[in-house]
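Coordinates from coords_23.tsv are shown below (TSV, C-alpha atoms (C1' of nucleotides) and all ligand atoms).
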chain	number	residue	atom	x	y	z
A	1	MET	CA	36.15	46.55	34.88
A	2	ARG	CA	36.43	46.64	38.68
A	3	GLU	CA	32.84	47.77	38.76
A	4	GLU	CA	31.65	44.94	36.52
A	5	ILE	CA	33.54	42.37	38.56
A	6	ALA	CA	31.88	43.68	41.69
A	7	ILE	CA	28.45	43.51	40.09
A	8	PHE	CA	29.10	39.99	38.92
A	9	ASN	CA	30.37	38.81	42.30
A	10	GLU	CA	27.30	40.24	43.94
A	11	CYS	CA	25.05	38.48	41.43
A	12	ALA	CA	26.92	35.21	41.79
A	13	LYS	CA	26.61	35.38	45.53
A	14	ARG	CA	22.89	36.03	45.29
A	15	LYS	CA	22.54	32.98	43.06
A	16	GLY	CA	24.56	30.83	45.45
A	17	LEU	CA	27.31	30.23	42.92
A	18	LYS	CA	30.83	29.23	43.83
A	19	SER	CA	33.87	31.03	42.55
A	20	THR	CA	36.24	29.19	40.29
A	21	SER	CA	39.47	30.02	38.51
A	22	GLN	CA	37.91	29.25	35.13
A	23	ARG	CA	35.09	31.71	35.53
A	24	ALA	CA	37.44	34.37	36.86
A	25	LEU	CA	39.66	33.92	33.82
A	26	ILE	CA	36.78	34.05	31.39
A	27	LEU	CA	35.42	37.17	33.06
A	28	LYS	CA	38.79	38.91	33.03
A	29	THR	CA	39.41	38.10	29.38
A	30	PHE	CA	35.91	39.13	28.41
A	31	LEU	CA	35.99	42.46	30.25
A	32	GLY	CA	39.49	43.18	29.01
A	33	SER	CA	38.40	43.26	25.39
A	34	THR	CA	36.50	45.73	23.28
A	35	SER	CA	35.35	43.06	20.86
A	36	HIS	CA	31.96	41.55	20.22
A	37	TYR	CA	32.86	37.94	20.87
A	38	SER	CA	30.99	34.82	19.93
A	39	THR	CA	31.36	31.88	22.34
A	40	GLU	CA	33.59	30.16	19.81
A	41	GLU	CA	35.87	33.18	19.43
A	42	LEU	CA	36.30	33.80	23.13
A	43	TYR	CA	36.82	30.08	23.68
A	44	LEU	CA	39.62	30.00	21.09
A	45	LYS	CA	41.24	33.11	22.53
A	46	ILE	CA	41.26	31.77	26.08
A	47	ARG	CA	42.34	28.36	24.88
A	48	LYS	CA	45.64	29.71	23.55
A	49	ASN	CA	46.91	30.22	27.08
A	50	ASN	CA	44.67	27.74	28.87
A	51	PRO	CA	44.18	24.63	26.74
A	52	LYS	CA	42.31	22.85	29.52
A	53	ILE	CA	39.30	25.12	29.50
A	54	GLY	CA	36.10	23.68	28.02
A	55	TYR	CA	33.78	25.20	25.45
A	56	ALA	CA	30.75	24.55	27.65
A	57	THR	CA	32.33	26.44	30.52
A	58	VAL	CA	32.90	29.50	28.35
A	59	HIS	CA	29.38	29.24	27.01
A	60	ARG	CA	27.84	28.96	30.47
A	61	ALA	CA	29.91	31.86	31.74
A	62	LEU	CA	28.82	34.19	28.94
A	63	LYS	CA	25.16	33.36	29.46
A	64	LEU	CA	25.67	33.98	33.16
A	65	PHE	CA	27.31	37.35	32.53
A	66	ALA	CA	24.27	38.36	30.52
A	67	GLU	CA	21.93	37.20	33.29
A	68	CYS	CA	23.88	39.23	35.82
A	69	GLY	CA	23.62	42.32	33.67
A	70	ILE	CA	27.29	42.83	32.86
A	71	ALA	CA	27.00	41.59	29.25
A	72	THR	CA	24.58	41.97	26.38
A	73	GLU	CA	23.77	39.36	23.80
A	74	LEU	CA	23.99	40.53	20.21
A	75	ASP	CA	22.94	38.95	16.97
A	76	PHE	CA	24.33	40.40	13.78
A	77	GLY	CA	22.67	37.74	11.68
A	78	ASP	CA	25.75	35.65	10.97
A	79	GLY	CA	24.46	32.64	12.85
A	80	GLN	CA	26.49	33.29	15.98
A	81	THR	CA	25.31	34.93	19.16
A	82	ARG	CA	27.79	37.56	20.26
A	83	PHE	CA	28.43	39.10	23.66
A	84	GLU	CA	29.83	42.44	24.69
A	85	PRO	CA	30.61	43.90	28.09
A	86	LEU	CA	27.93	46.30	29.23
A	87	ARG	CA	29.83	49.19	30.69
A	88	GLY	CA	27.68	51.28	32.98
A	89	ASP	CA	24.48	52.51	31.41
A	90	GLN	CA	25.99	53.78	28.21
A	91	HIS	CA	23.73	52.19	25.66
A	92	HIS	CA	24.84	52.14	22.05
A	93	ASP	CA	23.80	50.63	18.73
A	94	HIS	CA	25.83	49.23	15.84
A	95	LEU	CA	26.95	49.74	12.28
A	96	VAL	CA	27.94	46.34	10.89
A	97	CYS	CA	30.14	46.08	7.80
A	98	THR	CA	28.96	43.10	5.79
A	99	SER	CA	32.20	43.10	3.86
A	100	CYS	CA	34.90	42.96	6.57
A	101	GLY	CA	32.78	42.32	9.65
A	102	SER	CA	33.97	45.41	11.49
A	103	ILE	CA	31.63	46.98	14.01
A	104	ILE	CA	31.18	50.69	14.65
A	105	GLU	CA	29.28	51.73	17.74
A	106	PHE	CA	27.02	54.75	17.71
A	107	THR	CA	24.78	56.72	20.04
A	108	GLU	CA	21.99	58.99	18.83
A	109	PRO	CA	19.78	60.37	21.61
A	110	LYS	CA	17.34	61.79	19.07
A	111	ILE	CA	16.67	58.32	17.71
A	112	GLU	CA	16.17	57.00	21.22
A	113	GLU	CA	13.65	59.77	21.89
A	114	LEU	CA	11.81	59.18	18.64
A	115	GLN	CA	11.45	55.49	19.28
A	116	GLU	CA	9.96	56.28	22.67
A	117	LEU	CA	7.43	58.51	20.94
A	118	VAL	CA	6.61	55.75	18.47
A	119	ALA	CA	6.06	53.27	21.30
A	120	ALA	CA	3.96	55.77	23.26
A	121	LYS	CA	1.68	56.18	20.25
A	122	TYR	CA	0.76	52.50	20.56
A	123	GLY	CA	0.74	52.35	24.36
A	124	PHE	CA	3.73	50.04	24.09
A	125	LYS	CA	6.32	49.80	26.88
A	126	ILE	CA	9.84	49.30	25.54
A	127	ASN	CA	12.15	47.09	27.57
A	128	ARG	CA	14.99	46.85	25.11
A	129	HIS	CA	15.66	47.48	21.47
A	130	ARG	CA	17.98	46.56	18.68
A	131	HIS	CA	19.03	48.97	16.00
A	132	GLU	CA	21.62	47.78	13.53
A	133	LEU	CA	22.71	49.35	10.27
A	134	TYR	CA	24.23	46.90	7.79
A	135	GLY	CA	26.36	48.04	4.90
A	136	ILE	CA	29.90	48.87	3.81
A	137	CYS	CA	32.37	50.67	6.03
A	138	ALA	CA	34.55	53.56	4.82
A	139	ASN	CA	37.62	51.36	4.73
A	140	CYS	CA	36.02	48.69	2.56
A	141	THR	CA	34.64	51.35	0.23
A	142	ALA	CA	38.13	52.83	-0.14
A	143	ILE	CA	39.63	49.42	-0.93
A	144	ALA	CA	36.90	48.65	-3.47
A	145	SER	CA	37.49	51.89	-5.37
A	146	ASN	CA	41.15	51.08	-6.03
B	1	MET	CA	-0.42	40.69	-4.66
B	2	ARG	CA	-0.75	40.67	-8.44
B	3	GLU	CA	2.31	42.84	-8.56
B	4	GLU	CA	4.36	40.51	-6.32
B	5	ILE	CA	3.30	37.48	-8.33
B	6	ALA	CA	4.47	39.22	-11.49
B	7	ILE	CA	7.80	40.11	-9.92
B	8	PHE	CA	8.25	36.56	-8.72
B	9	ASN	CA	7.38	35.05	-12.10
B	10	GLU	CA	9.85	37.33	-13.78
B	11	CYS	CA	12.55	36.33	-11.29
B	12	ALA	CA	11.75	32.63	-11.62
B	13	LYS	CA	11.94	32.88	-15.38
B	14	ARG	CA	15.30	34.62	-15.17
B	15	LYS	CA	16.56	31.83	-12.95
B	16	GLY	CA	15.26	29.15	-15.31
B	17	LEU	CA	12.84	27.75	-12.74
B	18	LYS	CA	9.78	25.72	-13.58
B	19	SER	CA	6.36	26.54	-12.24
B	20	THR	CA	4.69	24.08	-9.94
B	21	SER	CA	1.39	23.90	-8.14
B	22	GLN	CA	3.13	23.65	-4.78
B	23	ARG	CA	5.08	26.85	-5.23
B	24	ALA	CA	2.03	28.66	-6.53
B	25	LEU	CA	0.08	27.59	-3.48
B	26	ILE	CA	2.83	28.60	-1.08
B	27	LEU	CA	3.15	31.98	-2.78
B	28	LYS	CA	-0.59	32.61	-2.72
B	29	THR	CA	-0.89	31.68	0.93
B	30	PHE	CA	2.14	33.74	1.86
B	31	LEU	CA	1.03	36.86	0.01
B	32	GLY	CA	-2.54	36.50	1.24
B	33	SER	CA	-1.50	36.94	4.86
B	34	THR	CA	-0.43	39.87	6.97
B	35	SER	CA	1.50	37.66	9.37
B	36	HIS	CA	5.17	37.30	9.97
B	37	TYR	CA	5.43	33.58	9.37
B	38	SER	CA	8.18	31.20	10.32
B	39	THR	CA	8.71	28.28	7.94
B	40	GLU	CA	7.11	25.99	10.48
B	41	GLU	CA	4.03	28.16	10.87
B	42	LEU	CA	3.41	28.58	7.17
B	43	TYR	CA	4.03	24.88	6.65
B	44	LEU	CA	1.42	23.98	9.27
B	45	LYS	CA	-1.09	26.43	7.81
B	46	ILE	CA	-0.73	25.10	4.28
B	47	ARG	CA	-0.70	21.53	5.51
B	48	LYS	CA	-4.24	21.83	6.86
B	49	ASN	CA	-5.63	21.91	3.35
B	50	ASN	CA	-2.76	20.22	1.56
B	51	PRO	CA	-1.34	17.43	3.70
B	52	LYS	CA	0.95	16.26	0.93
B	53	ILE	CA	3.14	19.34	0.90
B	54	GLY	CA	6.63	18.96	2.32
B	55	TYR	CA	8.39	21.12	4.86
B	56	ALA	CA	11.47	21.41	2.65
B	57	THR	CA	9.38	22.72	-0.20
B	58	VAL	CA	7.93	25.49	1.97
B	59	HIS	CA	11.37	26.32	3.27
B	60	ARG	CA	12.90	26.49	-0.20
B	61	ALA	CA	10.04	28.61	-1.48
B	62	LEU	CA	10.38	31.19	1.29
B	63	LYS	CA	14.12	31.52	0.72
B	64	LEU	CA	13.42	31.91	-2.96
B	65	PHE	CA	10.83	34.63	-2.34
B	66	ALA	CA	13.44	36.54	-0.37
B	67	GLU	CA	16.00	36.12	-3.16
B	68	CYS	CA	13.49	37.43	-5.68
B	69	GLY	CA	12.82	40.48	-3.54
B	70	ILE	CA	9.17	39.86	-2.69
B	71	ALA	CA	9.86	38.81	0.91
B	72	THR	CA	12.07	39.93	3.77
B	73	GLU	CA	13.64	37.72	6.37
B	74	LEU	CA	13.08	38.79	9.95
B	75	ASP	CA	14.57	37.64	13.21
B	76	PHE	CA	12.81	38.61	16.40
B	77	GLY	CA	15.23	36.63	18.50
B	78	ASP	CA	12.96	33.69	19.24
B	79	GLY	CA	15.12	31.23	17.35
B	80	GLN	CA	12.95	31.18	14.25
B	81	THR	CA	13.56	33.07	11.05
B	82	ARG	CA	10.39	34.79	9.92
B	83	PHE	CA	9.28	36.03	6.54
B	84	GLU	CA	6.93	38.77	5.51
B	85	PRO	CA	5.72	39.90	2.11
B	86	LEU	CA	7.54	43.00	0.91
B	87	ARG	CA	4.81	45.17	-0.52
B	88	GLY	CA	6.22	47.79	-2.82
B	89	ASP	CA	8.89	49.97	-1.27
B	90	GLN	CA	7.06	50.71	1.94
B	91	HIS	CA	9.70	49.93	4.50
B	92	HIS	CA	8.68	49.54	8.12
B	93	ASP	CA	10.13	48.45	11.43
B	94	HIS	CA	8.64	46.51	14.33
B	95	LEU	CA	7.42	46.64	17.89
B	96	VAL	CA	7.53	43.12	19.29
B	97	CYS	CA	5.51	42.18	22.37
B	98	THR	CA	7.57	39.71	24.38
B	99	SER	CA	4.49	38.70	26.32
B	100	CYS	CA	1.96	37.74	23.62
B	101	GLY	CA	4.17	37.78	20.55
B	102	SER	CA	2.09	40.35	18.70
B	103	ILE	CA	3.82	42.55	16.17
B	104	ILE	CA	3.10	46.23	15.53
B	105	GLU	CA	4.58	47.80	12.42
B	106	PHE	CA	5.80	51.37	12.45
B	107	THR	CA	7.32	53.93	10.12
B	108	GLU	CA	9.26	56.95	11.32
B	109	PRO	CA	10.93	58.95	8.53
B	110	LYS	CA	12.81	61.05	11.08
B	111	ILE	CA	14.52	57.97	12.45
B	112	GLU	CA	15.40	56.87	8.94
B	113	GLU	CA	16.93	60.28	8.26
B	114	LEU	CA	18.87	60.30	11.50
B	115	GLN	CA	20.36	56.90	10.88
B	116	GLU	CA	21.53	58.09	7.48
B	117	LEU	CA	23.25	61.01	9.21
B	118	VAL	CA	24.89	58.66	11.68
B	119	ALA	CA	26.19	56.47	8.87
B	120	ALA	CA	27.40	59.49	6.90
B	121	LYS	CA	29.42	60.60	9.90
B	122	TYR	CA	31.44	57.38	9.60
B	123	GLY	CA	31.52	57.24	5.81
B	124	PHE	CA	29.40	54.12	6.09
B	125	LYS	CA	27.02	53.06	3.29
B	126	ILE	CA	23.82	51.50	4.63
B	127	ASN	CA	22.31	48.68	2.59
B	128	ARG	CA	19.68	47.58	5.06
B	129	HIS	CA	18.85	47.99	8.69
B	130	ARG	CA	16.95	46.40	11.49
B	131	HIS	CA	15.18	48.36	14.16
B	132	GLU	CA	13.10	46.42	16.63
B	133	LEU	CA	11.57	47.58	19.90
B	134	TYR	CA	10.88	44.81	22.38
B	135	GLY	CA	8.50	45.20	25.27
B	136	ILE	CA	4.89	44.90	26.37
B	137	CYS	CA	1.97	45.85	24.15
B	138	ALA	CA	-0.98	47.91	25.35
B	139	ASN	CA	-3.22	44.87	25.44
B	140	CYS	CA	-0.88	42.84	27.61
B	141	THR	CA	-0.40	45.80	29.94
B	142	ALA	CA	-4.18	46.10	30.31
B	143	ILE	CA	-4.53	42.40	31.09
B	144	ALA	CA	-1.70	42.51	33.63
B	145	SER	CA	-3.29	45.40	35.54
B	146	ASN	CA	-6.53	43.49	36.21
C	1	DT	C1'	38.14	16.86	57.89
C	2	DT	C1'	33.58	15.89	56.12
C	3	DA	C1'	29.48	16.43	53.70
C	4	DA	C1'	26.69	19.00	50.55
C	5	DA	C1'	26.36	21.79	46.60
C	6	DA	C1'	28.04	23.62	42.53
C	7	DA	C1'	31.38	23.56	38.56
C	8	DT	C1'	33.87	21.49	34.99
C	9	DG	C1'	34.61	19.40	30.47
C	10	DA	C1'	33.79	15.70	27.24
C	11	DA	C1'	30.27	13.80	25.02
C	12	DA	C1'	25.67	13.60	23.54
C	13	DA	C1'	21.16	15.88	22.66
C	14	DT	C1'	18.49	19.46	20.68
C	15	DG	C1'	16.40	22.08	17.22
C	16	DA	C1'	16.32	25.19	13.30
C	17	DT	C1'	18.04	25.23	8.90
C	18	DA	C1'	20.01	23.18	4.83
C	19	DT	C1'	21.12	19.37	1.76
C	20	DT	C1'	20.77	14.81	-0.53
C	21	DC	C1'	18.67	11.77	-3.59
C	22	DA	C1'	15.33	8.89	-6.06
C	23	DG	C1'	11.20	9.41	-8.22
C	24	DA	C1'	7.73	12.83	-10.18
C	25	DA	C1'	6.56	16.67	-12.91
C	26	DA	C1'	7.45	20.40	-16.18
C	27	DG	C1'	9.36	22.37	-20.25
C	28	DT	C1'	11.13	21.69	-25.13
C	29	DA	C1'	11.39	20.15	-29.64
C	30	DA	C1'	10.25	17.21	-32.83
D	1	DT	C1'	1.72	12.78	-28.88
D	2	DT	C1'	6.62	11.12	-27.70
D	3	DA	C1'	11.24	11.41	-26.19
D	4	DC	C1'	14.47	13.86	-23.74
D	5	DT	C1'	16.35	17.11	-20.49
D	6	DT	C1'	16.01	19.86	-16.54
D	7	DT	C1'	13.94	21.13	-12.45
D	8	DC	C1'	11.02	19.99	-8.42
D	9	DT	C1'	9.32	17.48	-4.59
D	10	DG	C1'	9.33	15.31	-0.13
D	11	DA	C1'	11.31	12.11	3.07
D	12	DA	C1'	15.29	11.36	5.10
D	13	DT	C1'	19.62	12.84	6.50
D	14	DA	C1'	23.25	16.23	7.47
D	15	DT	C1'	24.86	20.46	9.55
D	16	DC	C1'	25.92	23.50	13.01
D	17	DA	C1'	25.27	26.57	16.99
D	18	DT	C1'	23.54	26.00	21.28
D	19	DT	C1'	22.21	23.44	25.30
D	20	DT	C1'	22.19	19.55	28.34
D	21	DT	C1'	23.86	15.34	30.59
D	22	DC	C1'	26.74	13.09	33.65
D	23	DA	C1'	30.85	11.37	35.95
D	24	DT	C1'	34.33	13.60	38.29
D	25	DT	C1'	36.51	17.51	40.54
D	26	DT	C1'	36.38	21.68	43.22
D	27	DT	C1'	34.48	24.87	46.39
D	28	DT	C1'	32.40	26.16	50.68
D	29	DA	C1'	30.44	25.87	55.12
D	30	DA	C1'	30.04	23.23	59.15
E	1	MN	MN	28.94	47.26	20.89
E	2	MN	MN	6.28	43.67	9.27
E	3	ZN	ZN	34.31	46.87	6.15
E	4	ZN	ZN	1.33	41.63	24.02
Structure rendered as C-alpha cells:
Amino acid sequence: MREEIAIFNECAKRKGLKSTSQRALILKTFLGSTSHYSTEELYLKIRKNNPKIGYATVHRALKLFAECGIATELDFGDGQTRFEPLRGDQHHDHLVCTSCGSIIEFTEPKIEELQELVAAKYGFKINRHRHELYGICANCTAIASN
Amino acid sequence: MREEIAIFNECAKRKGLKSTSQRALILKTFLGSTSHYSTEELYLKIRKNNPKIGYATVHRALKLFAECGIATELDFGDGQTRFEPLRGDQHHDHLVCTSCGSIIEFTEPKIEELQELVAAKYGFKINRHRHELYGICANCTAIASN
DNA sequence: TTAAAAATGAAAATGATATTCAGAAAGTAA
DNA sequence: TTACTTTCTGAATATCATTTTCATTTTTAA
C-alpha cells in the first residue's frame, strides 16, 4: 500500500500531474480493497461517503493507476472492465464463477513455464497474458446439490 | 465444413428457424475462412460480393452460430468481439501479436491438465477457459531489428 | 498574489452491440 | 397454386460502457 502510493506519486510527478484530494481518496479506497472493481462499482462505493465525486474522475484515476503500473485491467467478459491493485510482482490468474461472480486467484509456475516454451517454439515474445478459468465454484456447487 | 453445416441445420431446425440465402451465404463464408473475424470484418468481406446484405443480419448469424456450437466468441481486448469456426473438438488457445495483429494458435495438453489440477484444488468445475499470450511475433521482431 | 497548467464533474460524444419494426420471404396445409 | 402464419431482413434506432468536452475550480511555481 505504502509502496504503491510511492510508485504512483513518482509516476504522477514524472507526468507533471498535480495532486488532488479526489485522486488520493480514490487511490486509498482502491488499494485498501481486495476486490476486482469495475469503474461503476468503485464509483458507487466511494460515493457513499463522498457524494460529490464524479464518475469521470474515478474512471480517469483507474486508467491512470494502470498506466503507472500499480493496477491491472481485467476483463471477465461481463461487459465491464475491472481493475485490481498490482501488488509487487506477484502475478496471478483467475478462476471466475459464472454463477455467483466470485473470483479465486491462482498461481501455477508450471503453467507459466509451459507458456514460455510454447511462445519460444514460435519465436514469439510474450509481454503479458490472460488465463481465466470459467465455471462453478465449490460453494455454488454445494448450494445446487441441496 | 459439411459437418458444421449439418450441425447448424439440425440446431436451426430444433429452434424452428427458416433457411434463407443470406444465412447460408454468411455460414459458407464464415466456415470457409481460417480467420478470427469480427462482425464488422465479416460484414465487409461479404458485402464486396453481396452489397445488399445488412450488418444486423451478419451480427445475428454469428451469434446464432455460437449458440448452435459451431463458433466460438473470442475477445482479444481490442474492443471487438471475434468469432472463429469451432472445428470438431479440437480446442486451442492463442498467441496474439500486439504489433501486427496476427494470431497463432497453440495446443498444450500439459497446460490443460495443470489447469484442471488447479481447479480441482478449489473444488471448482471448469466449463470453459481463455488463455491468451500477448506480445510480439517472430515476424514483427525481425522487422524491428532491421 | 498572480499566472499557468492541470483537475474536476456534468453533460455530451463515441462506438460496439443489440433491438425495433415494416415489409419481404419461407414454410405449411389445403 | 393460394391463403395464412411465422420467421427473416435491413435500415434505423436504442443501449450501454467508455471516453471526451468544456466551463469552472484547484494546484503549483514564480
Ligand atoms: Mn486478481
Ligand atoms: Mn483460433
Ligand atoms: Zn459461485
Ligand atoms: Zn506481429
- Task: Using only C-alpha atoms (C1' of nucleotides), find which residues of chain D lie within 10 Å of chain B and jot them down as JSON, numbers by chain.
- Result: {"D": [6, 7, 8, 9, 10, 11]}
- Task: Pull out every residue of chain C that has at least one atom within 12 Å of chain B, counting only C-alpha atoms (C1' of nucleotides), and report them as a list in words.
- Result: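 Listing them in order of chain and number gives DG15, DA16, DT17, DA18, DT19, DT20, DA24, DA25, DA26 and DG27 of chain C.
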- ligand MN 1 (chain E) neighbours within 7 Å using all atoms listed in the file, as JSON, numbers by chain: {"A": [36, 84, 92, 93, 94, 105]}
Written file, previous selection with C-alpha atoms, as a CSV table (one decimal), in the frame of the given file:
chain,number,residue,atom,x,y,z
A,36,HIS,CA,32.0,41.6,20.2
A,84,GLU,CA,29.8,42.4,24.7
A,92,HIS,CA,24.8,52.1,22.0
A,93,ASP,CA,23.8,50.6,18.7
A,94,HIS,CA,25.8,49.2,15.8
A,105,GLU,CA,29.3,51.7,17.7
Counting only C-alpha atoms and all ligand atoms, which residues in chain B sit no more than 7 Å from ligand ZN 4 (chain E)? For each one, give the nearest pair of atoms and the distance in Å, sorted by chain then residue number, as CSV.
residue,atom,partner,partner_atom,distance
B:Cys97,CA,E:ZN4,ZN,4.5
B:Thr98,CA,E:ZN4,ZN,6.5
B:Ser99,CA,E:ZN4,ZN,4.9
B:Cys100,CA,E:ZN4,ZN,4.0
B:Gly101,CA,E:ZN4,ZN,5.9
B:Ser102,CA,E:ZN4,ZN,5.5
B:Ile136,CA,E:ZN4,ZN,5.4
B:Cys137,CA,E:ZN4,ZN,4.3
B:Ala138,CA,E:ZN4,ZN,6.8
B:Asn139,CA,E:ZN4,ZN,5.8
B:Cys140,CA,E:ZN4,ZN,4.4
Non-local contacts of Asp75 (chain B) (10 Å; all atoms listed in the file; under 5 positions in same chain excluded) as a PDB file with C-alpha atoms, in the frame of the given file:
ATOM      1  CA  ASP A  75      22.940  38.950  16.970  1.00  0.00           C
ATOM      2  CA  GLY A  77      22.670  37.740  11.680  1.00  0.00           C
TER       3      GLY A  77
ATOM      4  CA  HIS B  36       5.170  37.300   9.970  1.00  0.00           C
ATOM      5  CA  SER B  38       8.180  31.200  10.320  1.00  0.00           C
ATOM      6  CA  GLN B  80      12.950  31.180  14.250  1.00  0.00           C
ATOM      7  CA  THR B  81      13.560  33.070  11.050  1.00  0.00           C
ATOM      8  CA  ARG B  82      10.390  34.790   9.920  1.00  0.00           C
ATOM      9  CA  PHE B  83       9.280  36.030   6.540  1.00  0.00           C
ATOM     10  CA  ARG B 130      16.950  46.400  11.490  1.00  0.00           C
ATOM     11  CA  GLU B 132      13.100  46.420  16.630  1.00  0.00           C
TER      12      GLU B 132
END
